[in-house]
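So this block is work_18.cif, mmCIF, C-alpha atoms:
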data_protein
loop_
_atom_site.group_PDB
_atom_site.id
_atom_site.type_symbol
_atom_site.label_atom_id
_atom_site.label_comp_id
_atom_site.auth_asym_id
_atom_site.auth_seq_id
_atom_site.Cartn_x
_atom_site.Cartn_y
_atom_site.Cartn_z
ATOM 1 C CA MET D 940 170.337 -15.112 26.472
ATOM 2 C CA GLU D 941 168.829 -11.979 24.990
ATOM 3 C CA GLU D 942 171.356 -9.410 23.787
ATOM 4 C CA PRO D 943 171.245 -5.917 25.334
ATOM 5 C CA LEU D 944 169.129 -3.539 23.314
ATOM 6 C CA PRO D 945 170.664 -0.297 22.082
ATOM 7 C CA THR D 946 169.826 2.978 23.705
ATOM 8 C CA GLY D 947 166.371 4.189 22.824
ATOM 9 C CA ALA D 948 164.482 0.894 23.282
ATOM 10 C CA VAL D 949 160.733 1.353 23.036
ATOM 11 C CA GLU D 950 157.859 -0.530 24.584
ATOM 12 C CA VAL D 951 155.705 -2.368 22.026
ATOM 13 C CA ARG D 952 153.450 -4.475 24.265
ATOM 14 C CA ALA D 953 152.587 -4.857 27.969
ATOM 15 C CA THR D 954 150.413 -7.377 29.780
ATOM 16 C CA PRO D 955 149.960 -8.706 33.310
ATOM 17 C CA ASN D 956 149.610 -12.218 31.824
ATOM 18 C CA PRO D 957 152.992 -14.031 31.770
ATOM 19 C CA THR D 958 151.776 -16.627 29.258
ATOM 20 C CA ARG D 959 150.712 -13.975 26.772
ATOM 21 C CA ALA D 960 153.965 -12.087 27.271
ATOM 22 C CA GLY D 961 155.909 -15.280 26.573
ATOM 23 C CA ASP D 962 153.894 -15.871 23.408
ATOM 24 C CA TRP D 963 154.713 -12.371 22.176
ATOM 25 C CA ALA D 964 158.402 -12.900 22.878
ATOM 26 C CA LEU D 965 158.335 -16.146 20.868
ATOM 27 C CA VAL D 966 156.681 -14.323 17.972
ATOM 28 C CA LEU D 967 159.459 -11.737 17.885
ATOM 29 C CA ALA D 968 162.114 -14.413 18.218
ATOM 30 C CA SER D 969 160.595 -16.269 15.261
ATOM 31 C CA ALA D 970 160.555 -13.027 13.266
ATOM 32 C CA GLY D 971 164.251 -12.390 14.043
ATOM 33 C CA VAL D 972 163.538 -9.180 15.981
ATOM 34 C CA ASP D 973 165.843 -8.456 18.924
ATOM 35 C CA HIS D 974 163.783 -7.840 22.036
ATOM 36 C CA ARG D 975 163.806 -7.858 25.813
ATOM 37 C CA LEU D 976 161.019 -8.948 28.167
ATOM 38 C CA GLU D 977 161.028 -7.045 31.450
ATOM 39 C CA GLN D 978 158.975 -7.897 34.522
ATOM 40 C CA ARG D 979 157.709 -4.785 36.237
ATOM 41 C CA PRO D 980 155.526 -4.540 39.346
ATOM 42 C CA ASP D 981 152.281 -4.268 37.370
ATOM 43 C CA ALA D 982 153.039 -5.938 34.025
ATOM 44 C CA PHE D 983 155.409 -7.766 31.717
ATOM 45 C CA VAL D 984 156.791 -5.297 29.148
ATOM 46 C CA LEU D 985 158.192 -6.169 25.722
ATOM 47 C CA LEU D 986 160.915 -3.823 24.505
ATOM 48 C CA VAL D 987 162.625 -3.531 21.119
ATOM 49 C CA ALA D 988 165.073 -1.155 19.503
ATOM 50 C CA GLU D 989 163.364 1.886 18.058
ATOM 51 C CA ARG D 990 164.423 0.969 14.520
ATOM 52 C CA ASP D 991 162.818 -2.492 14.933
ATOM 53 C CA ALA D 992 159.510 -1.228 16.329
ATOM 54 C CA PRO D 993 157.610 -1.232 12.982
ATOM 55 C CA ALA D 994 158.671 -4.826 12.214
ATOM 56 C CA ALA D 995 157.861 -5.942 15.774
ATOM 57 C CA LEU D 996 154.412 -4.373 15.708
ATOM 58 C CA ALA D 997 153.661 -5.897 12.297
ATOM 59 C CA ALA D 998 154.655 -9.374 13.505
ATOM 60 C CA LEU D 999 152.592 -9.032 16.701
ATOM 61 C CA ASP D 1000 149.578 -7.677 14.829
ATOM 62 C CA ALA D 1001 149.728 -10.607 12.397
ATOM 63 C CA TYR D 1002 149.875 -13.015 15.342
ATOM 64 C CA ASP D 1003 146.825 -11.376 16.934
ATOM 65 C CA VAL D 1004 144.808 -11.854 13.761
ATOM 66 C CA GLU D 1005 145.813 -15.507 13.453
ATOM 67 C CA ALA D 1006 145.318 -16.340 17.132
ATOM 68 C CA ALA D 1007 142.025 -14.515 17.633
ATOM 69 C CA PRO D 1008 139.344 -17.003 18.705
ATOM 70 C CA ARG D 1009 136.523 -17.356 16.240
ATOM 71 C CA PRO D 1010 133.022 -17.239 17.721
ATOM 72 C CA VAL D 1011 131.261 -20.581 17.858
ATOM 73 C CA PRO D 1012 128.561 -20.555 15.165
ATOM 74 C CA PRO D 1013 125.028 -20.965 16.475
ATOM 75 C CA ALA D 1014 123.531 -24.438 16.433
ATOM 76 C CA PRO D 1015 121.002 -25.035 13.647
ATOM 77 C CA ASP D 1016 117.624 -24.741 15.320
ATOM 78 C CA ALA D 1017 114.356 -25.542 13.589
ATOM 79 C CA GLY D 1018 112.406 -24.573 16.693
ATOM 80 C CA PRO D 1019 110.596 -26.667 19.303
ATOM 81 C CA SER D 1020 110.241 -30.286 18.222
ATOM 82 C CA SER D 1021 107.724 -32.926 19.224
ATOM 83 C CA LEU D 1022 110.016 -35.771 18.124
ATOM 84 C CA GLY D 1023 111.032 -36.723 21.657
ATOM 85 C CA ILE D 1024 107.437 -36.777 22.900
ATOM 86 C CA ALA D 1025 106.315 -38.700 19.814
ATOM 87 C CA MET D 1026 109.031 -41.296 20.407
ATOM 88 C CA ALA D 1027 108.036 -41.606 24.052
ATOM 89 C CA LEU D 1028 104.359 -42.051 23.168
ATOM 90 C CA ALA D 1029 105.154 -44.597 20.463
ATOM 91 C CA LEU D 1030 107.280 -46.666 22.830
ATOM 92 C CA SER D 1031 104.585 -46.518 25.480
ATOM 93 C CA GLY D 1032 101.894 -47.527 22.998
ATOM 94 C CA MET D 1033 103.986 -50.449 21.801
ATOM 95 C CA PHE D 1034 104.463 -51.603 25.389
ATOM 96 C CA LEU D 1035 100.686 -51.638 25.874
ATOM 97 C CA ILE D 1036 100.476 -54.008 22.897
ATOM 98 C CA THR D 1037 103.401 -56.310 23.650
ATOM 99 C CA GLY D 1038 103.392 -56.206 27.436
ATOM 100 C CA ALA D 1039 106.417 -57.086 29.558
ATOM 101 C CA VAL D 1040 108.786 -59.862 28.670
ATOM 102 C CA GLY D 1041 107.577 -63.275 29.723
ATOM 103 C CA PRO D 1042 107.704 -66.971 28.866
ATOM 104 C CA GLY D 1043 106.067 -67.781 25.566
ATOM 105 C CA SER D 1044 105.638 -64.188 24.381
ATOM 106 C CA ARG D 1045 105.468 -64.236 20.577
ATOM 107 C CA TRP D 1046 106.557 -60.607 20.389
ATOM 108 C CA PHE D 1047 109.816 -61.231 22.199
ATOM 109 C CA GLN D 1048 110.469 -64.573 20.538
ATOM 110 C CA ALA D 1049 110.022 -63.001 17.119
ATOM 111 C CA GLY D 1050 111.485 -59.540 17.664
ATOM 112 C CA ALA D 1051 114.293 -59.628 20.231
ATOM 113 C CA ALA D 1052 117.820 -58.892 19.017
ATOM 114 C CA ASP D 1053 119.157 -62.427 19.101
ATOM 115 C CA ALA D 1054 122.780 -62.219 17.941
ATOM 116 C CA SER D 1055 122.779 -65.714 16.430
ATOM 117 C CA ALA D 1056 119.529 -65.108 14.538
ATOM 118 C CA ILE D 1057 120.689 -61.705 13.243
ATOM 119 C CA LEU D 1058 123.943 -63.133 11.951
ATOM 120 C CA GLY D 1059 121.900 -65.960 10.445
ATOM 121 C CA GLY D 1060 120.050 -63.498 8.235
ATOM 122 C CA GLN D 1061 117.225 -62.176 10.427
ATOM 123 C CA TRP D 1062 118.464 -58.581 10.201
ATOM 124 C CA TRP D 1063 115.023 -57.163 11.015
ATOM 125 C CA ARG D 1064 115.523 -58.100 14.661
ATOM 126 C CA ALA D 1065 117.950 -55.163 14.872
ATOM 127 C CA VAL D 1066 114.898 -52.974 14.179
ATOM 128 C CA THR D 1067 112.121 -54.730 16.072
ATOM 129 C CA ALA D 1068 114.147 -55.064 19.282
ATOM 130 C CA LEU D 1069 114.155 -51.265 19.596
ATOM 131 C CA THR D 1070 110.385 -51.308 20.246
ATOM 132 C CA LEU D 1071 110.371 -53.951 23.018
ATOM 133 C CA HIS D 1072 110.889 -53.468 26.756
ATOM 134 C CA ALA D 1073 111.318 -55.954 29.569
ATOM 135 C CA ASP D 1074 109.126 -54.202 32.152
ATOM 136 C CA ILE D 1075 107.645 -50.849 33.132
ATOM 137 C CA LEU D 1076 110.876 -49.584 34.736
ATOM 138 C CA HIS D 1077 112.814 -50.425 31.585
ATOM 139 C CA LEU D 1078 110.213 -48.547 29.565
ATOM 140 C CA VAL D 1079 110.126 -45.469 31.813
ATOM 141 C CA GLY D 1080 113.897 -44.980 31.657
ATOM 142 C CA ASN D 1081 113.897 -45.091 27.871
ATOM 143 C CA VAL D 1082 110.800 -42.909 27.568
ATOM 144 C CA VAL D 1083 112.439 -40.153 29.617
ATOM 145 C CA ALA D 1084 115.716 -40.378 27.672
ATOM 146 C CA ALA D 1085 113.876 -40.433 24.341
ATOM 147 C CA ALA D 1086 111.888 -37.332 25.283
ATOM 148 C CA ILE D 1087 115.080 -35.416 26.126
ATOM 149 C CA PHE D 1088 117.531 -36.483 23.441
ATOM 150 C CA GLY D 1089 114.936 -37.059 20.732
ATOM 151 C CA SER D 1090 113.677 -33.503 21.151
ATOM 152 C CA ALA D 1091 117.228 -32.175 20.830
ATOM 153 C CA VAL D 1092 117.741 -34.069 17.561
ATOM 154 C CA GLY D 1093 114.362 -32.847 16.329
ATOM 155 C CA ARG D 1094 115.314 -29.209 16.900
ATOM 156 C CA TRP D 1095 118.270 -29.714 14.587
ATOM 157 C CA LEU D 1096 117.013 -32.106 11.888
ATOM 158 C CA GLY D 1097 113.248 -31.890 12.269
ATOM 159 C CA GLY D 1098 110.861 -34.674 13.204
ATOM 160 C CA GLY D 1099 111.059 -36.916 10.155
ATOM 161 C CA ALA D 1100 114.762 -36.553 9.417
ATOM 162 C CA GLY D 1101 115.586 -36.835 13.101
ATOM 163 C CA LEU D 1102 113.553 -40.011 13.492
ATOM 164 C CA LEU D 1103 115.250 -41.536 10.459
ATOM 165 C CA ALA D 1104 118.730 -40.599 11.682
ATOM 166 C CA VAL D 1105 118.145 -41.984 15.182
ATOM 167 C CA THR D 1106 116.632 -45.208 13.836
ATOM 168 C CA VAL D 1107 119.368 -45.848 11.279
ATOM 169 C CA CYS D 1108 122.109 -45.261 13.871
ATOM 170 C CA ALA D 1109 120.372 -47.500 16.421
ATOM 171 C CA VAL D 1110 119.868 -50.304 13.905
ATOM 172 C CA ALA D 1111 123.517 -50.064 12.874
ATOM 173 C CA ALA D 1112 124.495 -50.288 16.553
ATOM 174 C CA ASN D 1113 122.363 -53.403 17.069
ATOM 175 C CA LEU D 1114 123.951 -55.042 14.029
ATOM 176 C CA LEU D 1115 127.426 -54.211 15.340
ATOM 177 C CA THR D 1116 126.442 -55.587 18.745
ATOM 178 C CA ALA D 1117 125.329 -58.862 17.176
ATOM 179 C CA ALA D 1118 128.642 -59.072 15.325
ATOM 180 C CA ALA D 1119 130.551 -58.419 18.551
ATOM 181 C CA HIS D 1120 128.662 -61.033 20.590
ATOM 182 C CA ARG D 1121 128.112 -63.463 17.699
ATOM 183 C CA THR D 1122 126.217 -66.083 19.724
ATOM 184 C CA GLY D 1123 124.389 -66.532 22.992
ATOM 185 C CA PHE D 1124 123.205 -62.947 23.429
ATOM 186 C CA VAL D 1125 119.686 -61.507 23.282
ATOM 187 C CA SER D 1126 118.718 -57.893 23.946
ATOM 188 C CA ILE D 1127 115.719 -55.568 23.713
ATOM 189 C CA GLY D 1128 114.950 -51.909 24.354
ATOM 190 C CA ALA D 1129 115.128 -48.441 22.890
ATOM 191 C CA SER D 1130 118.169 -47.419 24.932
ATOM 192 C CA THR D 1131 120.347 -48.008 21.879
ATOM 193 C CA ALA D 1132 118.254 -45.391 20.073
ATOM 194 C CA THR D 1133 118.474 -42.908 22.944
ATOM 195 C CA PHE D 1134 122.273 -43.227 23.001
ATOM 196 C CA ALA D 1135 122.269 -42.775 19.219
ATOM 197 C CA ALA D 1136 120.294 -39.544 19.681
ATOM 198 C CA LEU D 1137 122.801 -38.404 22.309
ATOM 199 C CA GLY D 1138 125.634 -39.172 19.899
ATOM 200 C CA LEU D 1139 123.985 -37.217 17.088
ATOM 201 C CA VAL D 1140 123.753 -34.114 19.273
ATOM 202 C CA ALA D 1141 127.352 -34.563 20.480
ATOM 203 C CA GLY D 1142 128.565 -34.839 16.881
ATOM 204 C CA LEU D 1143 126.825 -31.583 15.992
ATOM 205 C CA GLN D 1144 128.420 -29.783 18.938
ATOM 206 C CA VAL D 1145 131.895 -31.105 18.087
ATOM 207 C CA VAL D 1146 131.677 -29.659 14.573
ATOM 208 C CA ARG D 1147 130.397 -26.313 15.875
ATOM 209 C CA ARG D 1148 133.338 -26.012 18.229
ATOM 210 C CA LEU D 1149 135.883 -27.144 15.640
ATOM 211 C CA ARG D 1150 134.660 -24.361 13.389
ATOM 212 C CA GLY D 1151 134.719 -21.730 16.104
ATOM 213 C CA GLU D 1152 137.325 -22.426 18.769
ATOM 214 C CA SER D 1153 140.957 -21.501 18.338
ATOM 215 C CA ARG D 1154 141.917 -24.074 20.989
ATOM 216 C CA ARG D 1155 140.526 -27.159 19.333
ATOM 217 C CA ILE D 1156 141.009 -29.434 22.295
ATOM 218 C CA TYR D 1157 137.821 -27.905 23.719
ATOM 219 C CA ALA D 1158 135.878 -29.062 20.663
ATOM 220 C CA TRP D 1159 135.878 -32.615 22.002
ATOM 221 C CA VAL D 1160 134.186 -31.691 25.290
ATOM 222 C CA PRO D 1161 130.668 -32.630 24.029
ATOM 223 C CA LEU D 1162 131.860 -36.102 23.055
ATOM 224 C CA GLY D 1163 133.518 -36.437 26.444
ATOM 225 C CA ALA D 1164 130.221 -35.461 28.064
ATOM 226 C CA GLY D 1165 128.470 -38.146 26.026
ATOM 227 C CA LEU D 1166 130.994 -40.733 27.185
ATOM 228 C CA GLY D 1167 130.439 -39.530 30.730
ATOM 229 C CA LEU D 1168 126.710 -40.157 30.436
ATOM 230 C CA TYR D 1169 127.487 -43.554 28.949
ATOM 231 C CA ALA D 1170 129.682 -44.332 31.970
ATOM 232 C CA MET D 1171 126.899 -43.290 34.348
ATOM 233 C CA LEU D 1172 123.884 -44.760 32.566
ATOM 234 C CA GLY D 1173 125.076 -47.252 29.982
ATOM 235 C CA VAL D 1174 127.094 -49.751 31.981
ATOM 236 C CA SER D 1175 124.776 -50.564 34.888
ATOM 237 C CA ALA D 1176 124.066 -54.154 35.866
ATOM 238 C CA GLY D 1177 122.151 -55.908 33.109
ATOM 239 C CA ALA D 1178 122.717 -53.114 30.598
ATOM 240 C CA ASP D 1179 123.665 -53.917 27.019
ATOM 241 C CA THR D 1180 126.963 -52.070 27.179
ATOM 242 C CA TYR D 1181 128.001 -52.886 23.615
ATOM 243 C CA ALA D 1182 124.719 -51.642 22.153
ATOM 244 C CA HIS D 1183 124.884 -48.435 24.183
ATOM 245 C CA LEU D 1184 128.484 -47.744 23.184
ATOM 246 C CA PHE D 1185 127.873 -48.580 19.535
ATOM 247 C CA GLY D 1186 124.727 -46.428 19.585
ATOM 248 C CA LEU D 1187 126.661 -43.475 20.973
ATOM 249 C CA GLY D 1188 129.473 -44.032 18.469
ATOM 250 C CA ALA D 1189 127.191 -44.442 15.455
ATOM 251 C CA GLY D 1190 125.244 -41.343 16.447
ATOM 252 C CA ALA D 1191 128.405 -39.290 16.990
ATOM 253 C CA ALA D 1192 129.831 -40.345 13.618
ATOM 254 C CA ALA D 1193 126.572 -39.565 11.818
ATOM 255 C CA GLY D 1194 126.097 -36.293 13.697
ATOM 256 C CA THR D 1195 129.617 -35.162 12.843
ATOM 257 C CA ALA D 1196 129.140 -36.029 9.167
ATOM 258 C CA LEU D 1197 125.733 -34.342 8.904
ATOM 259 C CA ALA D 1198 126.918 -31.221 10.724
ATOM 260 C CA TRP D 1199 130.060 -31.017 8.573
ATOM 261 C CA LYS D 1200 127.813 -31.051 5.509
ATOM 262 C CA ASP D 1201 125.756 -28.221 7.042
ATOM 263 C CA LEU D 1202 122.606 -30.309 6.839
ATOM 264 C CA ARG D 1203 119.514 -28.422 7.955
ATOM 265 C CA ALA D 1204 115.975 -29.560 8.628
ATOM 266 C CA PRO D 1205 114.181 -30.095 5.297
ATOM 267 C CA ARG D 1206 110.753 -28.651 4.574
ATOM 268 C CA ALA D 1207 107.584 -30.071 6.105
ATOM 269 C CA LEU D 1208 106.618 -32.326 3.195
ATOM 270 C CA VAL D 1209 110.021 -34.009 3.172
ATOM 271 C CA GLN D 1210 109.859 -34.399 6.948
ATOM 272 C CA ALA D 1211 106.512 -36.159 6.652
ATOM 273 C CA LEU D 1212 107.783 -38.482 3.929
ATOM 274 C CA LEU D 1213 110.869 -39.385 5.958
ATOM 275 C CA ALA D 1214 108.759 -40.091 9.035
ATOM 276 C CA VAL D 1215 106.388 -42.298 7.047
ATOM 277 C CA ALA D 1216 109.315 -44.139 5.446
ATOM 278 C CA THR D 1217 110.895 -44.787 8.848
ATOM 279 C CA LEU D 1218 107.656 -46.049 10.389
ATOM 280 C CA ALA D 1219 107.040 -48.179 7.311
ATOM 281 C CA GLY D 1220 110.492 -49.709 7.730
ATOM 282 C CA ILE D 1221 109.692 -50.603 11.322
ATOM 283 C CA GLY D 1222 106.348 -52.057 10.229
ATOM 284 C CA VAL D 1223 107.956 -54.132 7.479
ATOM 285 C CA SER D 1224 110.502 -55.417 9.978
ATOM 286 C CA TRP D 1225 107.711 -56.653 12.253
ATOM 287 C CA ALA D 1226 105.920 -58.214 9.274
ATOM 288 C CA LEU D 1227 109.101 -60.131 8.474
ATOM 289 C CA ALA D 1228 109.438 -61.124 12.120
ATOM 290 C CA PHE D 1229 105.960 -62.736 12.104
ATOM 291 C CA ARG D 1230 106.261 -64.155 8.592
ATOM 292 C CA PRO D 1231 105.324 -67.844 8.529
ATOM 293 C CA PRO D 1232 108.405 -70.037 8.102
ATOM 294 C CA SER D 1233 108.847 -71.168 4.510
#

Represent the structure contained in this file as structure tokens.
Amino acid sequence: MEEPLPTGAVEVRATPNPTRAGDWALVLASAGVDHRLEQRPDAFVLLVAERDAPAALAALDAYDVEAAPRPVPPAPDAGPSSLGIAMALALSGMFLITGAVGPGSRWFQAGAADASAILGGQWWRAVTALTLHADILHLVGNVVAAAIFGSAVGRWLGGGAGLLAVTVCAVAANLLTAAAHRTGFVSIGASTATFAALGLVAGLQVVRRLRGESRRIYAWVPLGAGLGLYAMLGVSAGADTYAHLFGLGAGAAAGTALAWKDLRAPRALVQALLAVATLAGIGVSWALAFRPPS
């Protein structure tokens, strides 16, 4: 129990918030300052002996400085980005070339993410499968998601860097999916890439909040939101749940790392070179897919 204070006790703090009042009392207890916390009709009042008032105020002021929430830094924003629309148009254009999945389709036979074939050395299938869709409904869902999440990544990293980041994360997710399934599993679609884009944005937001929030548990809300979208959209009947989860995870890990390094969108020339390199990688992957057997 608190010892009675000597005559002449002075009020050093008052608040209607009982949690804050309790925090102040703990600060004074840690500092070895005798105190009393009184509940009055309109507030909780912290009292100390007059001789201890300077030490009490110093301890409380130091606590205020340490506990003050830091403002969340603004998200890096390179301005409106056409990356999402470009991704949507590219996927649509590819669908016009390949058509829907069907018996005997060379595109799907050569480019689908067949786990056995990938583990057998045909790594390019992890790339080519991202550009194939089973039917128009499959395409539309991924086009809409790509337009939304791709544009968000583009505002942060720019078109070329964003495209590269999304593609690398999606390819990594397809490779992990093949390793998880090992045999007897074939998948197609750009949904892995859209979840990778979602993960990239979530990773950025996590780092922003870690750098700004005093209560760090809130920093993980964006990742929780990403997992919520995965639960709603990524586990439906027929969905490639592993690829979606690995895409989200790879994107979140990459987004966190890039944001922690304070990576910003590079200049236009670098963006163009990165975009060309990414598209060239996809083209080379398709060339390997259609390469005559040796």

Report task. Can you pull out every residue within 10 Å of Ala1132 (chain D), counting only C-alpha atoms, but drop anything in the same chain fewer than 4 positions away, and send it as a PyMOL selection string? Result -> chain D and resi 1069-1070+1081+1084-1085+1088-1089+1102+1104-1110+1112-1113+1128+1136-1138+1182-1183+1186-1187+1190

Just C-alpha atoms for this one: save the residues we selected as a PDB file, keeping the file's coordinate frame.
ATOM      1  CA  LEU D1069     114.155 -51.265  19.596  1.00  0.00           C
ATOM      2  CA  THR D1070     110.385 -51.308  20.246  1.00  0.00           C
ATOM      3  CA  ASN D1081     113.897 -45.091  27.871  1.00  0.00           C
ATOM      4  CA  ALA D1084     115.716 -40.378  27.672  1.00  0.00           C
ATOM      5  CA  ALA D1085     113.876 -40.433  24.341  1.00  0.00           C
ATOM      6  CA  PHE D1088     117.531 -36.483  23.441  1.00  0.00           C
ATOM      7  CA  GLY D1089     114.936 -37.059  20.732  1.00  0.00           C
ATOM      8  CA  LEU D1102     113.553 -40.011  13.492  1.00  0.00           C
ATOM      9  CA  ALA D1104     118.730 -40.599  11.682  1.00  0.00           C
ATOM     10  CA  VAL D1105     118.145 -41.984  15.182  1.00  0.00           C
ATOM     11  CA  THR D1106     116.632 -45.208  13.836  1.00  0.00           C
ATOM     12  CA  VAL D1107     119.368 -45.848  11.279  1.00  0.00           C
ATOM     13  CA  CYS D1108     122.109 -45.261  13.871  1.00  0.00           C
ATOM     14  CA  ALA D1109     120.372 -47.500  16.421  1.00  0.00           C
ATOM     15  CA  VAL D1110     119.868 -50.304  13.905  1.00  0.00           C
ATOM     16  CA  ALA D1112     124.495 -50.288  16.553  1.00  0.00           C
ATOM     17  CA  ASN D1113     122.363 -53.403  17.069  1.00  0.00           C
ATOM     18  CA  GLY D1128     114.950 -51.909  24.354  1.00  0.00           C
ATOM     19  CA  ALA D1136     120.294 -39.544  19.681  1.00  0.00           C
ATOM     20  CA  LEU D1137     122.801 -38.404  22.309  1.00  0.00           C
ATOM     21  CA  GLY D1138     125.634 -39.172  19.899  1.00  0.00           C
ATOM     22  CA  ALA D1182     124.719 -51.642  22.153  1.00  0.00           C
ATOM     23  CA  HIS D1183     124.884 -48.435  24.183  1.00  0.00           C
ATOM     24  CA  GLY D1186     124.727 -46.428  19.585  1.00  0.00           C
ATOM     25  CA  LEU D1187     126.661 -43.475  20.973  1.00  0.00           C
ATOM     26  CA  GLY D1190     125.244 -41.343  16.447  1.00  0.00           C
TER      27      GLY D1190
END

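Among the candidates D:Gln1210, D:Gln1061, D:Gln1144, D:Thr954, the one nearest to Ala1164 (chain D) when counting only C-alpha atoms is D:Gln1144.
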
Report task. Go through D:Pro957, D:Gly1167, D:Pro1205, D:Gly1038 one by one, measure the shortest atom-to-atom distance of each to Glu977 (chain D) using all atoms listed in the file, and give the residue with the smallest value. Result ->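 For Glu977 (chain D), the nearest of the given residues is D:Pro957.
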
Each residue of region 1101-1215 of chain D with at least one atom at most 10 Å from region 1072-1076 of chain D should appear once, together with its nearest atom pair and the corresponding distance in Å (one decimal); atoms considered: all atoms listed in the file; ordering: chain, then increasing residue number; output as JSON lines.
{"residue": "D:Ser1126", "atom": "CA", "partner": "D:His1072", "partner_atom": "CA", "distance": 9.4}
{"residue": "D:Ile1127", "atom": "CA", "partner": "D:His1072", "partner_atom": "CA", "distance": 6.1}
{"residue": "D:Gly1128", "atom": "CA", "partner": "D:His1072", "partner_atom": "CA", "distance": 5.0}
{"residue": "D:Ala1129", "atom": "CA", "partner": "D:His1072", "partner_atom": "CA", "distance": 7.6}
{"residue": "D:Ser1130", "atom": "CA", "partner": "D:His1072", "partner_atom": "CA", "distance": 9.6}

Query raised in the report: From the list D:Leu1096, D:Leu1058, D:Ile1036, D:Leu1030, which residue is nearest Val1079 (chain D) when using all atoms listed in the file?
Result: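 Answer, going by the shortest atom-to-atom distance: D:Leu1030.
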
Query raised in the report: By how many Å are CA of Arg1147 (chain D) and CA of Gly1023 (chain D) apart?
Result: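 It comes out at 22.7 Å.
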
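With distances restricted to all atoms listed in the file, D:Ala1118 is the closest residue to Gly1059 (chain D) from D:Ile1087, D:Ala1118, D:Leu1071, D:Leu1208.
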
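Selection check: the PyMOL selection byres ((chain D and resi 951) around 7) on the shown file gives D:Val949, D:Glu950, D:Arg952, D:Leu985, D:Leu986, D:Ala992, D:Leu996.
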
Report task. Step by step: start from the point (119.9, -65.6, 13.0) in the file's coordinates, keep every protein, DNA or RNA residue that has an atom no farther than 12 Å from it, count all atoms listed in the file, and write the set as a list of chain:residue names. Result ->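 All residues meeting the 12 Å criterion around (119.9, -65.6, 13.0) are D:Ala1049, D:Gly1050, D:Ala1051, D:Ala1052, D:Asp1053, D:Ala1054, D:Ser1055, D:Ala1056, D:Ile1057, D:Leu1058, D:Gly1059, D:Gly1060, D:Gln1061, D:Trp1062, D:Trp1063, D:Arg1064, D:Ala1065, D:Leu1114, D:Ala1117, D:Ala1118, D:Arg1121, D:Thr1122, D:Gly1123, D:Phe1124, D:Val1125, D:Ala1228.
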
Requested in this report: Figure out the distance between CA of Ile1024 (chain D) and CA of Gly1222 (chain D), please, to one decimal in Å.
Outcome: 19.9 Å

Requested in this report: Please evaluate the PyMOL selection byres ((chain D and resi 1184) around 9) against the displayed coordinates and give the resulting residues as a ChimeraX atom specification.
Outcome: /D:1112,1131,1134-1135,1166,1169,1173,1179-1183,1185-1189

Report task. Grab the CA of Ser1031 (chain D) to CA of Trp1095 (chain D) distance for me, in Å with one decimal place. Result ->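 CA of Ser1031 (chain D) sits 24.3 Å away from CA of Trp1095 (chain D).
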
Report task. Give the answer as one residue: which of D:Val1223, D:Gly1041, D:Pro1232, D:Ser969 has the shortest atom-to-atom distance to Thr1067 (chain D), using all atoms listed in the file? Result ->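 The shortest atom-to-atom distance to Thr1067 (chain D) comes from D:Val1223.
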
**Report entry** Residues selected by the PyMOL selection byres ((chain D and resi 979) around 12), written as a ChimeraX atom specification
**Finding:** /D:953-957,976-978,980-985

Coordinates of box centre and edge lengths for region 982-991 of chain D, 8 Å on every side, axis-aligned, as JSON:
{"center_x": 159.1, "center_y": -2.9, "center_z": 24.3, "size_x": 28.0, "size_y": 25.7, "size_z": 35.5}

Query - Closest of D:Ala1017, D:Val1083, D:Ala964, D:Thr1133 to Ala1207 (chain D) - atom-to-atom distances counting all atoms listed in the file - result: D:Ala1017
